[in-house]
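As stored in run06.pdb (PDB, C-alpha atoms and all ligand atoms):
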```pdb
ATOM      1  CA  MET A   1     102.006  99.755 113.948
ATOM      2  CA  GLN A   2      99.520  96.894 113.736
ATOM      3  CA  GLN A   3      98.511  97.120 110.109
ATOM      4  CA  ASN A   4     100.092  94.733 107.593
ATOM      5  CA  TYR A   5     101.061  95.958 104.160
ATOM      6  CA  GLU A   6     101.800  93.880 101.084
ATOM      7  CA  ASN A   7     104.265  96.280  99.461
ATOM      8  CA  LEU A   8     105.568  98.346 102.368
ATOM      9  CA  LYS A   9     107.371  97.766 105.635
ATOM     10  CA  VAL A  10     106.093 100.275 108.170
ATOM     11  CA  GLY A  11     107.421 100.822 111.682
ATOM     12  CA  LEU A  12     107.284 103.419 114.448
ATOM     13  CA  ASN A  13     110.088 104.021 116.910
ATOM     14  CA  ALA A  14     110.383 106.996 119.273
ATOM     15  CA  GLY A  15     108.051 109.133 117.145
ATOM     16  CA  ILE A  16     109.867 108.328 113.869
ATOM     17  CA  LEU A  17     107.633 106.574 111.331
ATOM     18  CA  THR A  18     109.602 104.491 108.816
ATOM     19  CA  ILE A  19     108.029 103.468 105.519
ATOM     20  CA  ALA A  20     110.119 101.182 103.304
ATOM     21  CA  LEU A  21     109.031 100.353  99.761
ATOM     22  CA  ASN A  22     109.152  96.573  99.728
ATOM     23  CA  ARG A  23     109.044  95.227  96.168
ATOM     24  CA  PRO A  24     112.797  94.728  95.690
ATOM     25  CA  GLN A  25     112.201  92.006  93.078
ATOM     26  CA  LYS A  26     110.623  94.738  90.895
ATOM     27  CA  ARG A  27     113.135  97.370  92.023
ATOM     28  CA  ASN A  28     110.376  99.009  94.086
ATOM     29  CA  ALA A  29     108.465  99.960  90.941
ATOM     30  CA  LEU A  30     105.393 101.805  92.177
ATOM     31  CA  ASN A  31     102.311  99.892  91.101
ATOM     32  CA  ASP A  32      98.753 100.933  91.962
ATOM     33  CA  PRO A  33      98.488  98.772  95.144
ATOM     34  CA  THR A  34     101.763 100.258  96.457
ATOM     35  CA  LEU A  35     100.500 103.770  95.799
ATOM     36  CA  LEU A  36      97.276 102.946  97.664
ATOM     37  CA  GLU A  37      99.255 101.655 100.628
ATOM     38  CA  ILE A  38     101.413 104.794 100.722
ATOM     39  CA  ASP A  39      98.220 106.842 100.534
ATOM     40  CA  SER A  40      96.746 104.887 103.406
ATOM     41  CA  VAL A  41      99.836 105.444 105.623
ATOM     42  CA  PHE A  42      99.831 109.206 104.981
ATOM     43  CA  SER A  43      96.051 109.513 105.392
ATOM     44  CA  LYS A  44      96.258 108.788 109.099
ATOM     45  CA  LEU A  45      99.597 108.948 110.869
ATOM     46  CA  PRO A  46      99.884 107.544 114.385
ATOM     47  CA  ALA A  47      99.300 110.428 116.809
ATOM     48  CA  GLU A  48     102.822 110.178 118.243
ATOM     49  CA  THR A  49     104.530 110.659 114.827
ATOM     50  CA  LYS A  50     107.033 113.524 114.794
ATOM     51  CA  CYS A  51     108.843 112.777 111.551
ATOM     52  CA  ALA A  52     108.573 110.184 108.748
ATOM     53  CA  ILE A  53     111.248 108.468 106.667
ATOM     54  CA  ILE A  54     110.636 106.817 103.279
ATOM     55  CA  SER A  55     113.229 104.337 101.991
ATOM     56  CA  GLY A  56     113.458 101.371  99.631
ATOM     57  CA  GLU A  57     114.347  97.732 100.312
ATOM     58  CA  GLY A  58     116.928  96.024  98.080
ATOM     59  CA  LYS A  59     119.491  97.657  95.823
ATOM     60  CA  HIS A  60     117.387 100.598  94.616
ATOM     61  CA  PHE A  61     115.135 103.265  96.095
ATOM     62  CA  SER A  62     112.624 103.010  93.243
ATOM     63  CA  ALA A  63     112.507 102.286  89.495
ATOM     64  CA  GLY A  64     109.521 104.632  89.148
ATOM     65  CA  ALA A  65     105.991 103.863  88.052
ATOM     66  CA  ASP A  66     105.318 100.198  87.351
ATOM     67  CA  LEU A  67     105.345 100.284  83.568
ATOM     68  CA  SER A  68     103.095  97.226  83.356
ATOM     69  CA  ASP A  69     100.254  99.330  84.857
ATOM     70  CA  LEU A  70     100.610 101.968  82.135
ATOM     71  CA  GLN A  71     100.695  99.758  79.057
ATOM     72  CA  GLN A  72      96.950  99.537  78.382
ATOM     73  CA  HIS A  73      95.995 103.033  79.551
ATOM     74  CA  THR A  74      93.416 105.035  77.591
ATOM     75  CA  THR A  75      93.774 108.833  77.757
ATOM     76  CA  MET A  76      91.251 108.912  80.595
ATOM     77  CA  ASP A  77      93.021 106.090  82.474
ATOM     78  CA  GLY A  78      96.310 107.944  82.094
ATOM     79  CA  MET A  79      94.844 111.157  83.423
ATOM     80  CA  LEU A  80      93.178 109.454  86.397
ATOM     81  CA  HIS A  81      96.363 107.506  87.157
ATOM     82  CA  SER A  82      98.266 110.785  87.243
ATOM     83  CA  ARG A  83      95.602 112.401  89.432
ATOM     84  CA  SER A  84      95.790 109.484  91.891
ATOM     85  CA  TRP A  85      99.550 110.028  92.182
ATOM     86  CA  HIS A  86      98.906 113.760  92.708
ATOM     87  CA  HIS A  87      96.612 113.061  95.661
ATOM     88  CA  THR A  88      99.122 110.725  97.296
ATOM     89  CA  MET A  89     102.191 112.897  96.647
ATOM     90  CA  ASP A  90     100.296 115.910  98.028
ATOM     91  CA  LYS A  91      99.595 113.938 101.205
ATOM     92  CA  ILE A  92     103.357 113.481 101.574
ATOM     93  CA  GLN A  93     104.292 117.083 100.721
ATOM     94  CA  PHE A  94     101.576 118.487 102.991
ATOM     95  CA  CYS A  95     102.040 115.904 105.713
ATOM     96  CA  PRO A  96     101.666 117.434 109.193
ATOM     97  CA  VAL A  97     105.194 116.213 110.001
ATOM     98  CA  PRO A  98     108.351 116.476 107.870
ATOM     99  CA  VAL A  99     109.158 113.535 105.590
ATOM    100  CA  ILE A 100     112.726 112.474 104.752
ATOM    101  CA  ALA A 101     113.561 110.338 101.688
ATOM    102  CA  VAL A 102     116.476 107.922 102.074
ATOM    103  CA  LEU A 103     117.916 107.318  98.605
ATOM    104  CA  HIS A 104     120.217 104.691  97.166
ATOM    105  CA  GLY A 105     120.612 103.080  93.759
ATOM    106  CA  ALA A 106     117.970 104.089  91.215
ATOM    107  CA  CYS A 107     115.829 107.090  92.071
ATOM    108  CA  VAL A 108     114.203 107.404  88.692
ATOM    109  CA  GLY A 109     110.958 108.476  87.053
ATOM    110  CA  GLY A 110     108.118 108.220  89.552
ATOM    111  CA  GLY A 111     110.699 107.274  92.219
ATOM    112  CA  LEU A 112     112.211 110.723  91.821
ATOM    113  CA  GLU A 113     108.706 112.227  91.872
ATOM    114  CA  LEU A 114     108.109 110.466  95.193
ATOM    115  CA  ALA A 115     111.448 111.689  96.562
ATOM    116  CA  ALA A 116     110.662 115.229  95.359
ATOM    117  CA  SER A 117     107.452 115.182  97.424
ATOM    118  CA  CYS A 118     109.508 114.726 100.591
ATOM    119  CA  HIS A 119     111.001 117.639 102.502
ATOM    120  CA  ILE A 120     114.559 116.366 102.816
ATOM    121  CA  ARG A 121     116.438 113.919 100.576
ATOM    122  CA  VAL A 122     119.460 112.040 101.933
ATOM    123  CA  ALA A 123     121.311 110.142  99.204
ATOM    124  CA  ASP A 124     124.054 107.577  99.636
ATOM    125  CA  ALA A 125     126.946 107.363  97.197
ATOM    126  CA  THR A 126     125.237 104.686  95.054
ATOM    127  CA  THR A 127     122.264 106.921  94.201
ATOM    128  CA  PHE A 128     121.565 107.901  90.609
ATOM    129  CA  TYR A 129     118.753 110.028  89.245
ATOM    130  CA  ALA A 130     117.047 109.916  85.862
ATOM    131  CA  LEU A 131     113.752 110.761  84.212
ATOM    132  CA  PRO A 132     113.427 108.034  81.559
ATOM    133  CA  GLU A 133     109.809 108.968  80.751
ATOM    134  CA  ALA A 134     110.700 110.533  77.413
ATOM    135  CA  GLN A 135     112.678 107.446  76.404
ATOM    136  CA  ARG A 136     109.553 105.355  77.199
ATOM    137  CA  GLY A 137     107.381 107.759  75.160
ATOM    138  CA  ILE A 138     105.533 109.094  78.201
ATOM    139  CA  PHE A 139     105.693 112.083  80.569
ATOM    140  CA  THR A 140     105.886 112.608  84.317
ATOM    141  CA  GLY A 141     102.575 112.136  86.123
ATOM    142  CA  GLY A 142     103.277 112.263  89.848
ATOM    143  CA  GLY A 143     103.715 116.006  90.226
ATOM    144  CA  GLY A 144     107.326 115.883  89.014
ATOM    145  CA  ALA A 145     106.661 118.539  86.389
ATOM    146  CA  LEU A 146     105.902 120.930  89.236
ATOM    147  CA  ARG A 147     108.248 119.761  91.986
ATOM    148  CA  ILE A 148     111.436 118.774  90.155
ATOM    149  CA  PRO A 149     111.979 122.194  88.477
ATOM    150  CA  LYS A 150     111.702 123.714  91.962
ATOM    151  CA  LEU A 151     114.654 121.564  93.029
ATOM    152  CA  ILE A 152     116.892 121.832  89.969
ATOM    153  CA  GLY A 153     115.332 124.371  87.558
ATOM    154  CA  THR A 154     113.308 123.834  84.402
ATOM    155  CA  ALA A 155     116.328 123.663  82.079
ATOM    156  CA  ARG A 156     117.964 120.809  83.990
ATOM    157  CA  MET A 157     114.733 118.852  84.159
ATOM    158  CA  ALA A 158     114.143 119.330  80.440
ATOM    159  CA  ASP A 159     117.721 118.185  79.742
ATOM    160  CA  MET A 160     117.240 115.061  81.897
ATOM    161  CA  MET A 161     114.088 114.178  79.998
ATOM    162  CA  LEU A 162     115.209 115.167  76.517
ATOM    163  CA  THR A 163     118.599 113.473  76.637
ATOM    164  CA  GLY A 164     118.144 110.740  79.235
ATOM    165  CA  ARG A 165     120.899 112.350  81.322
ATOM    166  CA  VAL A 166     121.725 110.490  84.523
ATOM    167  CA  TYR A 167     123.006 112.385  87.569
ATOM    168  CA  GLN A 168     125.174 110.455  90.015
ATOM    169  CA  ALA A 169     124.835 111.091  93.760
ATOM    170  CA  GLU A 170     127.398 113.864  94.206
ATOM    171  CA  GLU A 171     126.512 115.856  91.108
ATOM    172  CA  GLY A 172     122.814 115.321  91.852
ATOM    173  CA  SER A 173     123.294 116.901  95.237
ATOM    174  CA  GLN A 174     125.203 119.830  93.746
ATOM    175  CA  VAL A 175     122.296 120.624  91.411
ATOM    176  CA  GLY A 176     119.705 120.298  94.203
ATOM    177  CA  LEU A 177     118.332 116.771  93.915
ATOM    178  CA  SER A 178     119.366 115.954  97.484
ATOM    179  CA  GLN A 179     120.384 118.079 100.454
ATOM    180  CA  TYR A 180     122.799 115.438 101.813
ATOM    181  CA  VAL A 181     125.164 112.848 100.290
ATOM    182  CA  VAL A 182     126.685 110.229 102.580
ATOM    183  CA  PRO A 183     128.825 107.122 102.030
ATOM    184  CA  GLU A 184     127.189 103.932 100.747
ATOM    185  CA  GLY A 185     124.841 102.386 103.297
ATOM    186  CA  LYS A 186     124.833 105.409 105.640
ATOM    187  CA  ALA A 187     121.728 107.254 104.412
ATOM    188  CA  MET A 188     119.296 105.708 106.895
ATOM    189  CA  SER A 189     121.445 106.499 109.937
ATOM    190  CA  LYS A 190     121.873 110.083 108.696
ATOM    191  CA  ALA A 191     118.100 110.361 108.165
ATOM    192  CA  VAL A 192     117.405 109.109 111.691
ATOM    193  CA  GLU A 193     119.884 111.668 113.064
ATOM    194  CA  LEU A 194     118.054 114.423 111.122
ATOM    195  CA  ALA A 195     114.646 113.091 112.195
ATOM    196  CA  GLN A 196     115.727 113.275 115.840
ATOM    197  CA  LYS A 197     116.729 116.917 115.370
ATOM    198  CA  ILE A 198     113.455 117.668 113.575
ATOM    199  CA  SER A 199     111.529 115.999 116.412
ATOM    200  CA  GLU A 200     112.963 118.536 118.863
ATOM    201  CA  ASN A 201     111.194 121.410 117.044
ATOM    202  CA  THR A 202     107.705 122.372 118.119
ATOM    203  CA  PRO A 203     105.007 120.493 116.148
ATOM    204  CA  MET A 204     103.535 123.861 115.104
ATOM    205  CA  THR A 205     106.780 125.083 113.539
ATOM    206  CA  ASN A 206     107.215 121.773 111.706
ATOM    207  CA  TYR A 207     103.620 122.012 110.474
ATOM    208  CA  ILE A 208     104.201 125.536 109.206
ATOM    209  CA  LEU A 209     107.344 124.389 107.394
ATOM    210  CA  THR A 210     105.545 121.515 105.632
ATOM    211  CA  ASN A 211     102.191 123.206 105.024
ATOM    212  CA  VAL A 212     102.576 126.976 105.027
ATOM    213  CA  LEU A 213     106.065 127.552 103.578
ATOM    214  CA  PRO A 214     105.266 125.875 100.207
ATOM    215  CA  ARG A 215     102.039 127.906  99.933
ATOM    216  CA  ILE A 216     103.947 131.103 100.736
ATOM    217  CA  VAL A 217     106.423 130.256  97.974
ATOM    218  CA  ASP A 218     103.620 129.459  95.510
ATOM    219  CA  GLY A 219     101.383 132.383  96.502
ATOM    220  CA  GLY A 220     101.317 135.863  94.987
ATOM    221  CA  HIS A 221     103.572 138.455  96.683
ATOM    222  CA  ASP A 222     100.953 140.145  98.892
ATOM    223  CA  VAL A 223      99.118 136.977  99.949
ATOM    224  CA  ALA A 224     102.416 135.223 100.630
ATOM    225  CA  LEU A 225     103.726 137.951 102.910
ATOM    226  CA  VAL A 226     100.462 138.145 104.863
ATOM    227  CA  MET A 227     100.561 134.338 105.274
ATOM    228  CA  GLU A 228     104.136 134.571 106.539
ATOM    229  CA  ALA A 229     103.132 137.229 109.073
ATOM    230  CA  LEU A 230     100.130 135.164 110.190
ATOM    231  CA  ALA A 231     102.201 132.020 110.605
ATOM    232  CA  GLY A 232     104.877 133.967 112.469
ATOM    233  CA  GLY A 233     102.284 135.551 114.781
ATOM    234  CA  ILE A 234     100.720 132.179 115.575
ATOM    235  CA  VAL A 235     103.975 130.442 116.445
ATOM    236  CA  LYS A 236     105.384 133.323 118.474
ATOM    237  CA  ASN A 237     102.289 133.348 120.685
ATOM    238  CA  SER A 238     102.613 129.675 121.664
ATOM    239  CA  THR A 239     103.674 128.703 125.190
ATOM    240  CA  GLU A 240     106.425 126.483 123.765
ATOM    241  CA  ALA A 241     107.880 129.349 121.731
ATOM    242  CA  LYS A 242     107.806 131.720 124.700
ATOM    243  CA  GLN A 243     109.623 129.099 126.794
ATOM    244  CA  ARG A 244     112.243 128.529 124.096
ATOM    245  CA  LEU A 245     112.838 132.264 123.637
ATOM    246  CA  SER A 246     113.307 132.682 127.411
ATOM    247  CA  ASP A 247     115.622 129.654 127.442
ATOM    248  CA  PHE A 248     117.885 131.363 124.934
ATOM    249  CA  LEU A 249     117.728 134.810 126.501
ATOM    250  CA  GLU A 250     118.485 133.360 129.937
ATOM    251  CA  GLY A 251     121.397 131.223 128.672
ATOM    252  CA  ARG A 252     119.735 127.801 128.872
ATOM    253  CA  ALA A 253     119.444 127.042 125.130
ATOM    254  CA  LYS A 254     122.037 125.756 122.683
ATOM    255  CA  LYS A 255     123.677 128.333 120.406
ATOM    256  CA  VAL A 256     123.586 127.863 116.630
ATOM    257  CA  GLY A 257     125.837 124.957 115.617
ATOM    258  CA  GLN A 258     126.114 123.468 119.117
TER     259      GLN A 258
HETATM  260  C1  LIG A 301     110.069  97.047  86.426
HETATM  261  C2  LIG A 301     110.413  98.422  86.459
HETATM  262  C3  LIG A 301     109.392  99.357  86.211
HETATM  263  C4  LIG A 301     112.198  97.277  86.855
HETATM  264  N1  LIG A 301     108.156  98.884  85.959
HETATM  265  N2  LIG A 301     108.851  96.645  86.164
HETATM  266  N3  LIG A 301     111.010 103.625  85.011
HETATM  267  C5  LIG A 301     111.962 103.180  84.179
HETATM  268  O1  LIG A 301     111.886 103.331  82.990
HETATM  269  C6  LIG A 301     113.100 102.439  84.823
HETATM  270  C7  LIG A 301     113.059 100.982  84.404
HETATM  271  N4  LIG A 301     113.962 100.153  85.187
HETATM  272  C8  LIG A 301     115.313 100.108  84.973
HETATM  273  O2  LIG A 301     115.886 100.870  84.202
HETATM  274  C9  LIG A 301     116.072  99.088  85.758
HETATM  275  O3  LIG A 301     115.160  98.106  86.243
HETATM  276  C10 LIG A 301     116.851  99.664  86.990
HETATM  277  C11 LIG A 301     118.053 100.493  86.497
HETATM  278  C12 LIG A 301     115.974 100.492  87.893
HETATM  279  C13 LIG A 301     117.391  98.471  87.833
HETATM  280  O4  LIG A 301     118.129  97.577  86.995
HETATM  281  P1  LIG A 301     118.375  96.085  87.500
HETATM  282  O5  LIG A 301     119.303  95.457  86.501
HETATM  283  O6  LIG A 301     118.795  96.081  88.921
HETATM  284  O7  LIG A 301     116.939  95.359  87.481
HETATM  285  P2  LIG A 301     116.122  94.770  86.220
HETATM  286  O8  LIG A 301     116.656  93.425  85.875
HETATM  287  O9  LIG A 301     116.022  95.769  85.135
HETATM  288  O10 LIG A 301     114.648  94.649  86.831
HETATM  289  C14 LIG A 301     114.287  93.620  87.746
HETATM  290  C15 LIG A 301     112.810  93.353  87.547
HETATM  291  O11 LIG A 301     112.071  94.533  87.853
HETATM  292  C16 LIG A 301     112.468  93.024  86.094
HETATM  293  O12 LIG A 301     111.336  92.157  86.120
HETATM  294  P3  LIG A 301     111.505  90.547  85.925
HETATM  295  O13 LIG A 301     110.113  90.039  86.066
HETATM  296  O14 LIG A 301     112.124  90.388  84.550
HETATM  297  O15 LIG A 301     112.427  90.097  87.004
HETATM  298  C17 LIG A 301     112.039  94.354  85.529
HETATM  299  O16 LIG A 301     111.157  94.233  84.412
HETATM  300  C18 LIG A 301     111.289  94.932  86.731
HETATM  301  N5  LIG A 301     111.211  96.371  86.676
HETATM  302  N6  LIG A 301     111.737  98.526  86.734
HETATM  303  C19 LIG A 301     107.915  97.567  85.936
HETATM  304  N7  LIG A 301     109.604 100.679  86.265
HETATM  305  C20 LIG A 301     103.482 108.766  87.647
HETATM  306  S1  LIG A 301     104.125 108.545  86.150
HETATM  307  C21 LIG A 301     105.790 108.145  86.337
HETATM  308  C22 LIG A 301     106.327 107.582  85.075
HETATM  309  C23 LIG A 301     107.590 106.817  85.286
HETATM  310  O17 LIG A 301     108.007 106.530  86.378
HETATM  311  S2  LIG A 301     108.401 106.365  83.846
HETATM  312  C24 LIG A 301     109.885 105.661  84.387
HETATM  313  C25 LIG A 301     109.753 104.199  84.610
END
```
Let me see whether you can do it: turn the structure in this file into structure tokens.
Amino acid sequence: MQQNYENLKVGLNAGILTIALNRPQKRNALNDPTLLEIDSVFSKLPAETKCAIISGEGKHFSAGADLSDLQQHTTMDGMLHSRSWHHTMDKIQFCPVPVIAVLHGACVGGGLELAASCHIRVADATTFYALPEAQRGIFTGGGGALRIPKLIGTARMADMMLTGRVYQAEEGSQVGLSQYVVPEGKAMSKAVELAQKISENTPMTNYILTNVLPRIVDGGHDVALVMEALAGGIVKNSTEAKQRLSDFLEGRAKKVGQ
């Protein structure tokens, strides 16, 4: 990766693209330039990318939106700011390759919205989640109102916002905020292990999981089932799929869990 970023550290190793938020002095608060840099990374991934990992430098994943950006917002500014987050978070959710969030320390407000845009969240034991927007007199703006209820349900999100409830790593995982909890400092190595597994899938199946599955879930019953059948037909007819099916049937492939 040749490009230099002011607020990110970006690297590529064996098809795994790593993107680290790099404003630890501001607890990786997401200001407008950082958002633009994230947008730029996800607008054009290196061709060899098979999986991406987002993490945060310093003691926290992210303290959310940079509150100093929001202070002087008019209604229009606030709406456009939210829309700019929507575009960037959509680029992550609908990335051609799966994106893993590596969480530690604070994963709050817009930081949780960013994590919720990723496909897998791996939290270490220091992670805590909160939505302090209501305490600041504001609301979510990065798609959290749509994505977070899908992870934990509307009632839990409302409770987090209404009462300022903080979920610690283990409880957060139990309610659906992360799929994995690992000991302190081990989230990146777990994410790399998962990324390597993900990289062994066919690119088409990974694309369908990041781009078609969420549309199936959001679509009406009939459209969703036709989309599922279409996606299934496309992948089954690929040379790679035919090879992998033969590998299993002829005893060359790993069994489940191996
Ligand atoms: C910030 C921000 C920020 C820290 N915007 N500057 N998010 C919040 O309401 C969370 C606010 N932050 C915190 O509660 C705490 O900073 C943490 C629990 C995350 C970390 O605490 P700590 O003790 O490690 O750090 P700190 O001393 O509070 O912060 C260090 C510096 O970062 C300090 O600046 P400094 O110049 O005095 O050194 C803080 O002001 C600064 N900082 N968080 C700006 N968020 C799309 S809409 C989404 C809407 C939201 O995300 S609302 C939720 C915002």
message: Taking all atoms listed in the file and a cut-off of 7 Å, can you tell me which residues surround ligand LIG 301 (chain A), written as JSON, numbers by chain?
response: {"A": [25, 26, 27, 29, 60, 62, 63, 64, 65, 66, 67, 68, 82, 85, 106, 108, 109, 110, 111, 131, 132, 133, 136, 138, 139, 140, 141, 142]}
query: Nearest to Tyr207 of chain A among A:Ala145, A:Val235, A:Leu112, A:Val256, with distances taken over all atoms listed in the file: which residue is it?
result: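 Using all atoms listed in the file, Tyr207 of chain A sits closest to A:Val235.
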message: With all atoms listed in the file as the counted atoms, please give the residues lying no more than 12 Å from Asp39 of chain A, apart from itself and same-chain residues fewer than 3 positions off, as a PyMOL selection string.
response: chain A and resi 5+8+19+32-36+42-45+84-93+95+114
- request: I need the residue set behind the PyMOL selection byres (((chain A and resi 177) around 12) and not hetatm) for this file; please write it as a ChimeraX atom specification.
  value: /A:101,103,107-108,112-113,115-123,127-130,147-153,156-157,166-176,178-181
Would you export the selected residues with C-alpha atoms as a short mmCIF file (atom, residue, chain, number, x, y, z; two decimals), in the frame of the given file, please?
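Written output follows (part_26.cif):
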```
data_model
loop_
_atom_site.label_atom_id
_atom_site.label_comp_id
_atom_site.auth_asym_id
_atom_site.auth_seq_id
_atom_site.Cartn_x
_atom_site.Cartn_y
_atom_site.Cartn_z
CA ALA A 101 113.56 110.34 101.69
CA LEU A 103 117.92 107.32 98.60
CA CYS A 107 115.83 107.09 92.07
CA VAL A 108 114.20 107.40 88.69
CA LEU A 112 112.21 110.72 91.82
CA GLU A 113 108.71 112.23 91.87
CA ALA A 115 111.45 111.69 96.56
CA ALA A 116 110.66 115.23 95.36
CA SER A 117 107.45 115.18 97.42
CA CYS A 118 109.51 114.73 100.59
CA HIS A 119 111.00 117.64 102.50
CA ILE A 120 114.56 116.37 102.82
CA ARG A 121 116.44 113.92 100.58
CA VAL A 122 119.46 112.04 101.93
CA ALA A 123 121.31 110.14 99.20
CA THR A 127 122.26 106.92 94.20
CA PHE A 128 121.56 107.90 90.61
CA TYR A 129 118.75 110.03 89.24
CA ALA A 130 117.05 109.92 85.86
CA ARG A 147 108.25 119.76 91.99
CA ILE A 148 111.44 118.77 90.16
CA PRO A 149 111.98 122.19 88.48
CA LYS A 150 111.70 123.71 91.96
CA LEU A 151 114.65 121.56 93.03
CA ILE A 152 116.89 121.83 89.97
CA GLY A 153 115.33 124.37 87.56
CA ARG A 156 117.96 120.81 83.99
CA MET A 157 114.73 118.85 84.16
CA VAL A 166 121.72 110.49 84.52
CA TYR A 167 123.01 112.38 87.57
CA GLN A 168 125.17 110.46 90.02
CA ALA A 169 124.84 111.09 93.76
CA GLU A 170 127.40 113.86 94.21
CA GLU A 171 126.51 115.86 91.11
CA GLY A 172 122.81 115.32 91.85
CA SER A 173 123.29 116.90 95.24
CA GLN A 174 125.20 119.83 93.75
CA VAL A 175 122.30 120.62 91.41
CA GLY A 176 119.70 120.30 94.20
CA SER A 178 119.37 115.95 97.48
CA GLN A 179 120.38 118.08 100.45
CA TYR A 180 122.80 115.44 101.81
CA VAL A 181 125.16 112.85 100.29
#
```
Residue neighbourhood Lys197 of chain A, 12 Å, all atoms listed in the file, exclusion window fewer than 4 positions, as a list in words: Gly15, Ile16, Lys50, Cys51, Pro98, Lys190, Ala191, Val192, Glu193, Asn201, Thr202 and Asn206 of chain A
- request: State, in Å with one decimal place, the distance from atom CA of Gly219 of chain A to atom CA of Ile234 of chain A.
  value: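 Separation between atom CA of Gly219 of chain A and atom CA of Ile234 of chain A: 19.1 Å.
Restricting the calculation to all atoms listed in the file, the smallest distance between His104 of chain A and any of A:His81, A:Lys254, A:Lys186, A:Arg165 is found for A:Lys186.
Between atom CA of Leu230 of chain A and atom CA of Thr49 of chain A the separation is 25.3 Å.
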message: What's the separation between atom CA of Asn28 of chain A and atom CA of Asn13 of chain A, in Å to one decimal place?
response: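 Distance between the two atoms: 23.4 Å.
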Please report, as AutoDock Vina command-line options, the centre and edge lengths in Å to one decimal of an axis-aligned box covering all listed atoms of segment 52-58 of chain A with 5 Å per side.
```
--center_x 112.8 --center_y 103.1 --center_z 103.4 --size_x 18.4 --size_y 24.2 --size_z 20.7
```
task: Tell me which of A:Ile54, A:Val99, A:Leu225, A:Pro214 sits closest to Ser199 of chain A, counting only C-alpha atoms.
output: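 Result for the nearest residue to Ser199 of chain A: A:Val99.
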